[in-house]
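Shown next: target.cif, given as mmCIF, C-alpha atoms.
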data_model
#
loop_
_atom_site.label_atom_id
_atom_site.label_comp_id
_atom_site.auth_asym_id
_atom_site.auth_seq_id
_atom_site.Cartn_x
_atom_site.Cartn_y
_atom_site.Cartn_z
CA MET A 35 2.91 40.26 7.34
CA ALA A 36 3.53 36.60 6.62
CA SER A 37 0.34 35.59 8.46
CA ALA A 38 -1.85 38.06 6.63
CA THR A 39 -3.56 37.30 3.36
CA VAL A 40 -2.93 40.00 0.81
CA PRO A 41 -6.28 41.00 -0.72
CA LEU A 42 -6.85 41.99 -4.30
CA LEU A 43 -7.19 45.68 -4.92
CA ASP A 44 -10.78 46.73 -5.52
CA ASP A 45 -9.71 48.80 -8.55
CA ASP A 46 -7.38 46.16 -9.96
CA THR A 47 -9.17 45.97 -13.32
CA ILE A 48 -6.04 44.53 -14.95
CA PRO A 49 -4.24 42.16 -12.54
CA PHE A 50 -0.69 43.13 -11.67
CA GLY A 51 1.65 41.40 -14.11
CA GLU A 52 -0.83 41.15 -16.97
CA GLU A 53 -0.40 44.68 -18.36
CA ASP A 54 1.57 43.37 -21.33
CA ASP A 55 -1.53 41.57 -22.58
CA MET A 56 -3.10 45.01 -23.15
CA ARG A 57 -0.07 46.49 -24.93
CA ASP A 58 -0.58 47.74 -28.47
CA PRO A 59 1.50 45.41 -30.70
CA SER A 60 1.94 48.20 -33.25
CA ARG A 61 4.25 49.97 -30.77
CA ALA A 62 6.69 47.07 -30.56
CA GLY A 63 10.18 48.24 -31.41
CA GLN A 64 9.32 51.93 -31.01
CA LYS A 65 11.38 54.26 -28.84
CA TYR A 66 8.54 54.62 -26.34
CA THR A 67 5.92 51.92 -25.80
CA HIS A 68 3.92 54.04 -23.31
CA PRO A 69 4.37 57.60 -24.64
CA TYR A 70 1.36 59.12 -22.84
CA VAL A 71 2.24 57.50 -19.52
CA THR A 72 5.84 58.67 -19.89
CA PHE A 73 4.66 62.21 -20.65
CA PHE A 74 2.35 62.49 -17.65
CA HIS A 75 4.96 60.87 -15.40
CA LEU A 76 7.00 64.05 -15.92
CA PHE A 77 4.26 66.59 -16.68
CA PHE A 78 2.50 66.83 -13.32
CA ARG A 79 5.65 66.96 -11.19
CA GLY A 80 7.34 69.32 -13.63
CA ALA A 81 4.29 71.59 -13.72
CA ALA A 82 4.23 71.77 -9.91
CA ILE A 83 7.87 72.91 -9.88
CA VAL A 84 7.34 75.46 -12.65
CA ILE A 85 4.24 76.93 -10.97
CA TYR A 86 6.07 77.17 -7.65
CA MET A 87 9.00 79.00 -9.25
CA PHE A 88 7.05 81.43 -11.44
CA CYS A 89 3.67 81.82 -9.76
CA GLY A 90 4.67 85.29 -8.55
CA TRP A 91 4.83 86.48 -12.13
CA PHE A 92 1.13 85.85 -12.69
CA SER A 93 -0.52 86.24 -9.29
CA ASP A 94 0.23 87.81 -5.93
CA SER A 95 -2.19 85.45 -4.19
CA PHE A 96 -0.47 82.81 -2.08
CA ILE A 97 -3.71 80.82 -1.78
CA THR A 98 -4.10 80.54 -5.57
CA SER A 99 -0.50 79.41 -6.00
CA PHE A 100 -0.81 76.98 -3.08
CA VAL A 101 -3.95 75.37 -4.51
CA PHE A 102 -2.53 74.93 -8.01
CA VAL A 103 0.76 73.46 -6.78
CA VAL A 104 -1.02 71.03 -4.44
CA LEU A 105 -3.40 69.98 -7.22
CA PHE A 106 -0.51 69.12 -9.53
CA LEU A 107 1.38 67.40 -6.72
CA SER A 108 -1.67 65.28 -5.91
CA ALA A 109 -2.18 64.36 -9.57
CA ASP A 110 1.49 63.45 -9.81
CA PHE A 111 1.39 61.30 -6.67
CA TRP A 112 -1.61 59.33 -7.91
CA THR A 113 -0.24 58.94 -11.45
CA VAL A 114 3.22 57.78 -10.37
CA LYS A 115 1.92 55.46 -7.65
CA ASN A 116 -0.86 53.80 -9.64
CA ILE A 117 0.09 54.03 -13.31
CA SER A 118 3.61 54.96 -14.36
CA GLY A 119 5.47 52.76 -11.89
CA ARG A 120 3.39 49.78 -12.85
CA LEU A 121 3.61 50.21 -16.61
CA LEU A 122 7.09 51.66 -17.05
CA VAL A 123 9.16 49.57 -14.62
CA GLY A 124 6.86 46.81 -13.35
CA LEU A 125 6.75 47.99 -9.74
CA ARG A 126 3.84 48.65 -7.40
CA TRP A 127 3.42 49.56 -3.73
CA TRP A 128 0.22 49.89 -1.78
CA ASN A 129 -1.34 49.56 1.66
CA TYR A 130 -4.28 47.70 3.16
CA VAL A 131 -5.80 47.22 6.60
CA ASP A 132 -6.68 43.69 7.69
CA ASP A 133 -9.68 42.58 9.75
CA ASP A 134 -7.80 43.25 12.99
CA GLY A 135 -7.19 46.86 12.03
CA VAL A 136 -3.48 46.32 11.37
CA SER A 137 -2.01 48.27 8.47
CA HIS A 138 0.16 46.33 6.00
CA TRP A 139 2.44 47.72 3.31
CA VAL A 140 2.90 45.67 0.14
CA PHE A 141 5.84 46.15 -2.24
CA GLU A 142 5.63 44.24 -5.53
CA SER A 143 8.08 43.80 -8.38
CA LYS A 144 7.88 41.98 -11.70
CA ASN A 145 11.54 41.07 -11.72
CA SER A 146 11.44 37.95 -13.89
CA GLU A 147 13.94 37.84 -16.75
CA SER A 148 11.16 37.47 -19.30
CA TYR A 149 9.52 40.68 -18.14
CA GLN A 150 12.73 42.66 -17.72
CA SER A 151 13.72 41.84 -21.28
CA ARG A 152 10.54 43.61 -22.45
CA VAL A 153 11.00 46.75 -20.34
CA ASN A 154 11.61 49.81 -22.47
CA LYS A 155 14.99 51.14 -21.34
CA ASN A 156 14.21 54.72 -22.39
CA GLU A 157 11.02 54.75 -20.33
CA GLN A 158 12.80 53.05 -17.45
CA ARG A 159 15.51 55.72 -17.46
CA ILE A 160 12.98 58.55 -17.58
CA PHE A 161 10.97 57.01 -14.74
CA TRP A 162 13.91 56.85 -12.34
CA LEU A 163 15.38 60.20 -13.32
CA GLY A 164 12.05 61.94 -12.76
CA LEU A 165 11.52 60.08 -9.50
CA ILE A 166 14.94 61.03 -8.12
CA LEU A 167 15.56 64.54 -9.48
CA CYS A 168 12.28 66.18 -8.44
CA PRO A 169 12.78 65.56 -4.69
CA VAL A 170 16.23 67.12 -5.11
CA PHE A 171 14.65 70.29 -6.51
CA TRP A 172 12.12 70.44 -3.69
CA SER A 173 14.90 69.95 -1.15
CA LEU A 174 16.67 72.99 -2.60
CA PHE A 175 13.43 74.97 -2.44
CA PHE A 176 13.15 73.93 1.21
CA LEU A 177 16.57 75.41 1.99
CA PHE A 178 15.77 78.64 0.13
CA ALA A 179 12.45 79.02 1.94
CA LEU A 180 14.00 78.17 5.31
CA PHE A 181 16.92 80.58 5.11
CA GLY A 182 14.73 83.19 3.42
CA LEU A 183 12.29 82.96 6.35
CA LYS A 184 9.40 82.32 3.94
CA PHE A 185 7.49 80.11 6.33
CA LYS A 186 4.21 80.00 4.43
CA TRP A 187 6.06 78.67 1.37
CA LEU A 188 7.95 76.29 3.63
CA LEU A 189 4.68 74.49 4.39
CA LEU A 190 4.00 74.01 0.68
CA VAL A 191 7.51 72.71 0.04
CA MET A 192 7.20 70.24 2.92
CA ILE A 193 4.00 68.86 1.37
CA ALA A 194 5.82 68.46 -1.96
CA ILE A 195 8.77 66.70 -0.32
CA ALA A 196 6.45 64.34 1.56
CA LEU A 197 4.52 63.30 -1.57
CA ASN A 198 7.63 62.94 -3.74
CA ALA A 199 9.59 61.12 -1.06
CA ALA A 200 6.74 58.68 -0.44
CA ASN A 201 6.80 57.48 -4.06
CA LEU A 202 10.60 57.41 -4.14
CA TYR A 203 10.80 55.36 -0.95
CA GLY A 204 8.04 53.00 -2.06
CA TYR A 205 9.63 52.24 -5.42
CA VAL A 206 13.12 51.84 -3.98
CA LYS A 207 11.65 49.29 -1.57
CA CYS A 208 9.93 47.55 -4.47
CA ASN A 209 13.12 47.55 -6.49
CA TYR A 210 15.38 46.10 -3.82
CA GLY A 211 12.91 44.06 -1.78
CA ALA A 212 10.59 45.06 1.03
CA SER A 213 12.59 43.18 3.68
CA LYS A 214 16.00 44.51 2.68
CA ASP A 215 17.63 47.40 4.45
CA LEU A 216 18.01 50.40 2.15
CA ASN A 217 21.59 51.07 3.23
CA SER A 218 22.67 47.56 2.33
CA ALA A 219 20.64 47.80 -0.89
CA ALA A 220 22.51 50.95 -1.90
CA THR A 221 25.83 49.29 -1.05
CA ASP A 222 24.93 46.22 -3.12
CA PHE A 223 23.93 48.41 -6.04
CA VAL A 224 27.25 50.29 -5.99
CA LYS A 225 29.15 47.00 -5.83
CA THR A 226 27.14 45.65 -8.76
CA GLN A 227 27.80 48.76 -10.84
CA LEU A 228 31.53 48.65 -10.09
CA PHE A 229 31.67 44.98 -11.03
CA LYS A 230 29.81 45.61 -14.30
CA ASN A 231 32.11 48.49 -15.17
CA ALA A 232 35.17 46.36 -14.46
CA VAL A 233 33.82 43.56 -16.66
CA ASP A 234 33.07 46.05 -19.45
CA ILE A 235 36.61 47.40 -19.31
CA MET A 236 38.16 43.94 -19.41
CA THR A 237 35.93 42.65 -22.21
CA ARG A 238 35.97 45.79 -24.37
CA PRO A 239 38.22 45.52 -27.43
CA SER A 240 41.39 47.60 -27.27
CA GLY A 241 40.93 51.02 -28.82
CA ALA A 242 37.16 50.92 -28.44
CA PRO A 243 35.59 54.01 -26.84
CA PRO A 244 34.17 53.63 -23.33
CA PRO A 245 30.41 52.96 -23.03
CA THR A 246 28.26 56.07 -22.85
CA ASN A 247 24.97 54.58 -21.66
CA VAL A 248 25.03 54.33 -17.88
CA ARG A 249 21.99 52.99 -16.08
CA PRO A 250 20.60 55.37 -13.46
CA THR A 251 20.57 54.59 -9.77
CA GLY A 252 17.73 52.31 -8.71
CA VAL A 253 16.90 50.78 -12.11
CA VAL A 254 15.57 47.26 -11.90
#
Rewrite the coordinates I just gave you, this time as structure tokens.
Amino acid sequence: MASATVPLLDDDTIPFGEEDDMRDPSRAGQKYTHPYVTFFHLFFRGAAIVIYMFCGWFSDSFITSFVFVVLFLSADFWTVKNISGRLLVGLRWWNYVDDDGVSHWVFESKNSESYQSRVNKNEQRIFWLGLILCPVFWSLFFLFALFGLKFKWLLLVMIAIALNAANLYGYVKCNYGASKDLNSAATDFVKTQLFKNAVDIMTRPSGAPPPTNVRPTGVV
């Protein structure tokens, strides 16, 4: 990886790291600086889950349900990988093949203090919650389909898990560093959270209520 030259993406109209130059200044200070991106970050993956759960109410055709769920899963995968991760949390992962035919995975993070100070915490929280919770739902659907012997639905659930897990894995790698082992990254995160909580307890004035805003797992 170190000997390979990372090429620019062909569709990189706005270079990675320069998205803030395109931000609408009128949204500064608002609760959500990217409301449409935030909405579609949840809409496609939520719609896929809702269709999977209630498709039997509207159609008895497995093929129709399969096609609609896969369409929404594909739209979600592309949106999360190429848009919402980049704009909401400053992370990006992608792949390219060099001249020797070797595949390289690139995990990028805008982790400078100047950028992190401009990240919208509400959008950041929504990004990680949506990224983590949806694979949990699909994992439950996998168990239901497996023990219910619904093998045709099992295939659909496995596709959903693969697409959701790919984005989750990619962004966790971006967040903690491509060369860092995920087990040690999780351990370091827990240690950091425990240390922050201890500092908050020691520095909080006596009689003050405990903090209610807890950052979700994996936030930059």
| said: Here is a test: counting all atoms listed in the file, which residue of A:Leu107, A:Ile160, A:Ile97, A:Ile117 is nearest to Trp172 of chain A? | reply: A:Leu107
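Distance annotation: of A:Gln158, A:Ser143, A:Ser173, A:Thr72, the residue with the minimal separation from Leu190 of chain A is A:Ser173; atom set is all atoms listed in the file.
Of the listed residues A:Tyr203, A:Phe77, A:Phe141, A:Phe102, the one whose atoms come nearest to Cys89 of chain A is A:Phe102, with distances taken using all atoms listed in the file.
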| message | At a cut-off of 9 Å, using all atoms listed in the file, what residues contact Asp110 of chain A? Leave out same-chain residues fewer than 2 positions from it and give the result as a ChimeraX atom specification. | response | /A:74-79,82,105-108,112-115,197-198
Could you please take those selected residues and save C-alpha atoms as a PDB file, in the frame of the given file?
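File again_3.pdb, as written:
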ATOM      1  CA  PHE A  74       2.350  62.490 -17.650  1.00  0.00           C
ATOM      2  CA  HIS A  75       4.960  60.870 -15.400  1.00  0.00           C
ATOM      3  CA  LEU A  76       7.000  64.050 -15.920  1.00  0.00           C
ATOM      4  CA  PHE A  77       4.260  66.590 -16.680  1.00  0.00           C
ATOM      5  CA  PHE A  78       2.500  66.830 -13.320  1.00  0.00           C
ATOM      6  CA  ARG A  79       5.650  66.960 -11.190  1.00  0.00           C
ATOM      7  CA  ALA A  82       4.230  71.770  -9.910  1.00  0.00           C
ATOM      8  CA  LEU A 105      -3.400  69.980  -7.220  1.00  0.00           C
ATOM      9  CA  PHE A 106      -0.510  69.120  -9.530  1.00  0.00           C
ATOM     10  CA  LEU A 107       1.380  67.400  -6.720  1.00  0.00           C
ATOM     11  CA  SER A 108      -1.670  65.280  -5.910  1.00  0.00           C
ATOM     12  CA  TRP A 112      -1.610  59.330  -7.910  1.00  0.00           C
ATOM     13  CA  THR A 113      -0.240  58.940 -11.450  1.00  0.00           C
ATOM     14  CA  VAL A 114       3.220  57.780 -10.370  1.00  0.00           C
ATOM     15  CA  LYS A 115       1.920  55.460  -7.650  1.00  0.00           C
ATOM     16  CA  LEU A 197       4.520  63.300  -1.570  1.00  0.00           C
ATOM     17  CA  ASN A 198       7.630  62.940  -3.740  1.00  0.00           C
TER      18      ASN A 198
END
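We find atom CA of Trp128 of chain A and atom CA of Trp162 of chain A to be spaced 18.6 Å apart.
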| Expressed in Å to a single decimal, how great is the separation between atom CA of Pro169 of chain A and atom CA of Ile195 of chain A? | 6.0 Å
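One finds atom CA of Phe111 of chain A at 11.6 Å from atom CA of Gly204 of chain A.
Nearest-residue note for Leu122 of chain A: choosing from A:His68, A:His138, A:Lys207, A:Lys144, the minimum distance belongs to A:His68, counting only C-alpha atoms.
Proximity ranking of A:Ser99, A:Asn156, A:Asn116, A:Thr67 relative to Asn201 of chain A places A:Asn116 first, based on all atoms listed in the file.
Using all atoms listed in the file for every distance, the candidate list A:Val153, A:Met87, A:Val104, A:Leu165 yields A:Leu165 as the residue closest to Ala199 of chain A.
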| said: Running the PyMOL selection byres ((chain A and resi 124) around 8) on this model by hand, what would come out? Give it as a count of residues only. | reply: 11
Rebuild segment 75-110 of chain A so that it carries N, CA and C atoms, then output the result as a PDB file, in the frame of the given file.
ATOM      1  N   HIS A  75       4.054  61.155 -16.512  1.00  0.00           N
ATOM      2  CA  HIS A  75       4.960  60.870 -15.400  1.00  0.00           C
ATOM      3  C   HIS A  75       5.808  62.093 -15.075  1.00  0.00           C
ATOM      4  N   LEU A  76       6.186  62.857 -16.109  1.00  0.00           N
ATOM      5  CA  LEU A  76       7.000  64.050 -15.920  1.00  0.00           C
ATOM      6  C   LEU A  76       6.182  65.337 -15.861  1.00  0.00           C
ATOM      7  N   PHE A  77       5.017  65.337 -16.532  1.00  0.00           N
ATOM      8  CA  PHE A  77       4.260  66.590 -16.680  1.00  0.00           C
ATOM      9  C   PHE A  77       3.776  67.136 -15.352  1.00  0.00           C
ATOM     10  N   PHE A  78       3.097  66.329 -14.550  1.00  0.00           N
ATOM     11  CA  PHE A  78       2.500  66.830 -13.320  1.00  0.00           C
ATOM     12  C   PHE A  78       3.560  67.325 -12.339  1.00  0.00           C
ATOM     13  N   ARG A  79       4.623  66.542 -12.145  1.00  0.00           N
ATOM     14  CA  ARG A  79       5.650  66.960 -11.190  1.00  0.00           C
ATOM     15  C   ARG A  79       6.444  68.147 -11.725  1.00  0.00           C
ATOM     16  N   GLY A  80       6.661  68.178 -13.035  1.00  0.00           N
ATOM     17  CA  GLY A  80       7.340  69.320 -13.630  1.00  0.00           C
ATOM     18  C   GLY A  80       6.504  70.577 -13.551  1.00  0.00           C
ATOM     19  N   ALA A  81       5.198  70.436 -13.784  1.00  0.00           N
ATOM     20  CA  ALA A  81       4.290  71.590 -13.720  1.00  0.00           C
ATOM     21  C   ALA A  81       4.238  72.157 -12.306  1.00  0.00           C
ATOM     22  N   ALA A  82       4.259  71.291 -11.297  1.00  0.00           N
ATOM     23  CA  ALA A  82       4.230  71.770  -9.910  1.00  0.00           C
ATOM     24  C   ALA A  82       5.475  72.607  -9.610  1.00  0.00           C
ATOM     25  N   ILE A  83       6.633  72.167 -10.102  1.00  0.00           N
ATOM     26  CA  ILE A  83       7.870  72.910  -9.880  1.00  0.00           C
ATOM     27  C   ILE A  83       7.842  74.247 -10.613  1.00  0.00           C
ATOM     28  N   VAL A  84       7.388  74.234 -11.867  1.00  0.00           N
ATOM     29  CA  VAL A  84       7.340  75.460 -12.650  1.00  0.00           C
ATOM     30  C   VAL A  84       6.382  76.475 -12.031  1.00  0.00           C
ATOM     31  N   ILE A  85       5.214  76.026 -11.595  1.00  0.00           N
ATOM     32  CA  ILE A  85       4.240  76.930 -10.970  1.00  0.00           C
ATOM     33  C   ILE A  85       4.809  77.517  -9.690  1.00  0.00           C
ATOM     34  N   TYR A  86       5.483  76.680  -8.898  1.00  0.00           N
ATOM     35  CA  TYR A  86       6.070  77.170  -7.650  1.00  0.00           C
ATOM     36  C   TYR A  86       7.115  78.251  -7.924  1.00  0.00           C
ATOM     37  N   MET A  87       7.916  78.066  -8.968  1.00  0.00           N
ATOM     38  CA  MET A  87       9.000  79.000  -9.250  1.00  0.00           C
ATOM     39  C   MET A  87       8.503  80.318  -9.847  1.00  0.00           C
ATOM     40  N   PHE A  88       7.449  80.244 -10.681  1.00  0.00           N
ATOM     41  CA  PHE A  88       7.050  81.430 -11.440  1.00  0.00           C
ATOM     42  C   PHE A  88       5.653  81.934 -11.120  1.00  0.00           C
ATOM     43  N   CYS A  89       5.036  81.405 -10.067  1.00  0.00           N
ATOM     44  CA  CYS A  89       3.670  81.820  -9.760  1.00  0.00           C
ATOM     45  C   CYS A  89       3.598  83.309  -9.435  1.00  0.00           C
ATOM     46  N   GLY A  90       4.672  83.874  -8.883  1.00  0.00           N
ATOM     47  CA  GLY A  90       4.670  85.290  -8.550  1.00  0.00           C
ATOM     48  C   GLY A  90       4.587  86.200  -9.754  1.00  0.00           C
ATOM     49  N   TRP A  91       4.917  85.676 -10.921  1.00  0.00           N
ATOM     50  CA  TRP A  91       4.830  86.480 -12.130  1.00  0.00           C
ATOM     51  C   TRP A  91       3.388  86.712 -12.576  1.00  0.00           C
ATOM     52  N   PHE A  92       2.504  85.806 -12.179  1.00  0.00           N
ATOM     53  CA  PHE A  92       1.130  85.850 -12.690  1.00  0.00           C
ATOM     54  C   PHE A  92       0.101  86.199 -11.612  1.00  0.00           C
ATOM     55  N   SER A  93       0.450  85.974 -10.346  1.00  0.00           N
ATOM     56  CA  SER A  93      -0.520  86.240  -9.290  1.00  0.00           C
ATOM     57  C   SER A  93       0.216  86.532  -7.986  1.00  0.00           C
ATOM     58  N   ASP A  94      -0.329  87.482  -7.236  1.00  0.00           N
ATOM     59  CA  ASP A  94       0.230  87.810  -5.930  1.00  0.00           C
ATOM     60  C   ASP A  94      -0.465  87.032  -4.818  1.00  0.00           C
ATOM     61  N   SER A  95      -1.422  86.198  -5.189  1.00  0.00           N
ATOM     62  CA  SER A  95      -2.190  85.450  -4.190  1.00  0.00           C
ATOM     63  C   SER A  95      -1.475  84.161  -3.822  1.00  0.00           C
ATOM     64  N   PHE A  96      -1.103  84.038  -2.553  1.00  0.00           N
ATOM     65  CA  PHE A  96      -0.470  82.810  -2.080  1.00  0.00           C
ATOM     66  C   PHE A  96      -1.448  81.643  -2.125  1.00  0.00           C
ATOM     67  N   ILE A  97      -2.713  81.888  -1.802  1.00  0.00           N
ATOM     68  CA  ILE A  97      -3.710  80.820  -1.780  1.00  0.00           C
ATOM     69  C   ILE A  97      -3.870  80.201  -3.172  1.00  0.00           C
ATOM     70  N   THR A  98      -3.947  81.045  -4.200  1.00  0.00           N
ATOM     71  CA  THR A  98      -4.100  80.540  -5.570  1.00  0.00           C
ATOM     72  C   THR A  98      -2.898  79.683  -5.960  1.00  0.00           C
ATOM     73  N   SER A  99      -1.702  80.173  -5.681  1.00  0.00           N
ATOM     74  CA  SER A  99      -0.500  79.410  -6.000  1.00  0.00           C
ATOM     75  C   SER A  99      -0.455  78.105  -5.212  1.00  0.00           C
ATOM     76  N   PHE A 100      -0.815  78.171  -3.941  1.00  0.00           N
ATOM     77  CA  PHE A 100      -0.810  76.980  -3.080  1.00  0.00           C
ATOM     78  C   PHE A 100      -1.751  75.917  -3.637  1.00  0.00           C
ATOM     79  N   VAL A 101      -2.953  76.327  -4.013  1.00  0.00           N
ATOM     80  CA  VAL A 101      -3.950  75.370  -4.510  1.00  0.00           C
ATOM     81  C   VAL A 101      -3.485  74.710  -5.800  1.00  0.00           C
ATOM     82  N   PHE A 102      -2.961  75.487  -6.729  1.00  0.00           N
ATOM     83  CA  PHE A 102      -2.530  74.930  -8.010  1.00  0.00           C
ATOM     84  C   PHE A 102      -1.355  73.971  -7.826  1.00  0.00           C
ATOM     85  N   VAL A 103      -0.396  74.345  -6.995  1.00  0.00           N
ATOM     86  CA  VAL A 103       0.760  73.460  -6.780  1.00  0.00           C
ATOM     87  C   VAL A 103       0.318  72.154  -6.119  1.00  0.00           C
ATOM     88  N   VAL A 104      -0.552  72.245  -5.122  1.00  0.00           N
ATOM     89  CA  VAL A 104      -1.020  71.030  -4.440  1.00  0.00           C
ATOM     90  C   VAL A 104      -1.832  70.151  -5.385  1.00  0.00           C
ATOM     91  N   LEU A 105      -2.633  70.760  -6.252  1.00  0.00           N
ATOM     92  CA  LEU A 105      -3.400  69.980  -7.220  1.00  0.00           C
ATOM     93  C   LEU A 105      -2.484  69.178  -8.148  1.00  0.00           C
ATOM     94  N   PHE A 106      -1.444  69.827  -8.650  1.00  0.00           N
ATOM     95  CA  PHE A 106      -0.510  69.120  -9.530  1.00  0.00           C
ATOM     96  C   PHE A 106       0.304  68.081  -8.763  1.00  0.00           C
ATOM     97  N   LEU A 107       0.657  68.380  -7.532  1.00  0.00           N
ATOM     98  CA  LEU A 107       1.380  67.400  -6.720  1.00  0.00           C
ATOM     99  C   LEU A 107       0.509  66.173  -6.443  1.00  0.00           C
ATOM    100  N   SER A 108      -0.760  66.398  -6.176  1.00  0.00           N
ATOM    101  CA  SER A 108      -1.670  65.280  -5.910  1.00  0.00           C
ATOM    102  C   SER A 108      -1.871  64.436  -7.164  1.00  0.00           C
ATOM    103  N   ALA A 109      -2.044  65.097  -8.310  1.00  0.00           N
ATOM    104  CA  ALA A 109      -2.180  64.360  -9.570  1.00  0.00           C
ATOM    105  C   ALA A 109      -0.927  63.567  -9.877  1.00  0.00           C
ATOM    106  N   ASP A 110       0.227  64.162  -9.589  1.00  0.00           N
ATOM    107  CA  ASP A 110       1.490  63.450  -9.810  1.00  0.00           C
ATOM    108  C   ASP A 110       1.617  62.248  -8.898  1.00  0.00           C
TER     109      ASP A 110
END
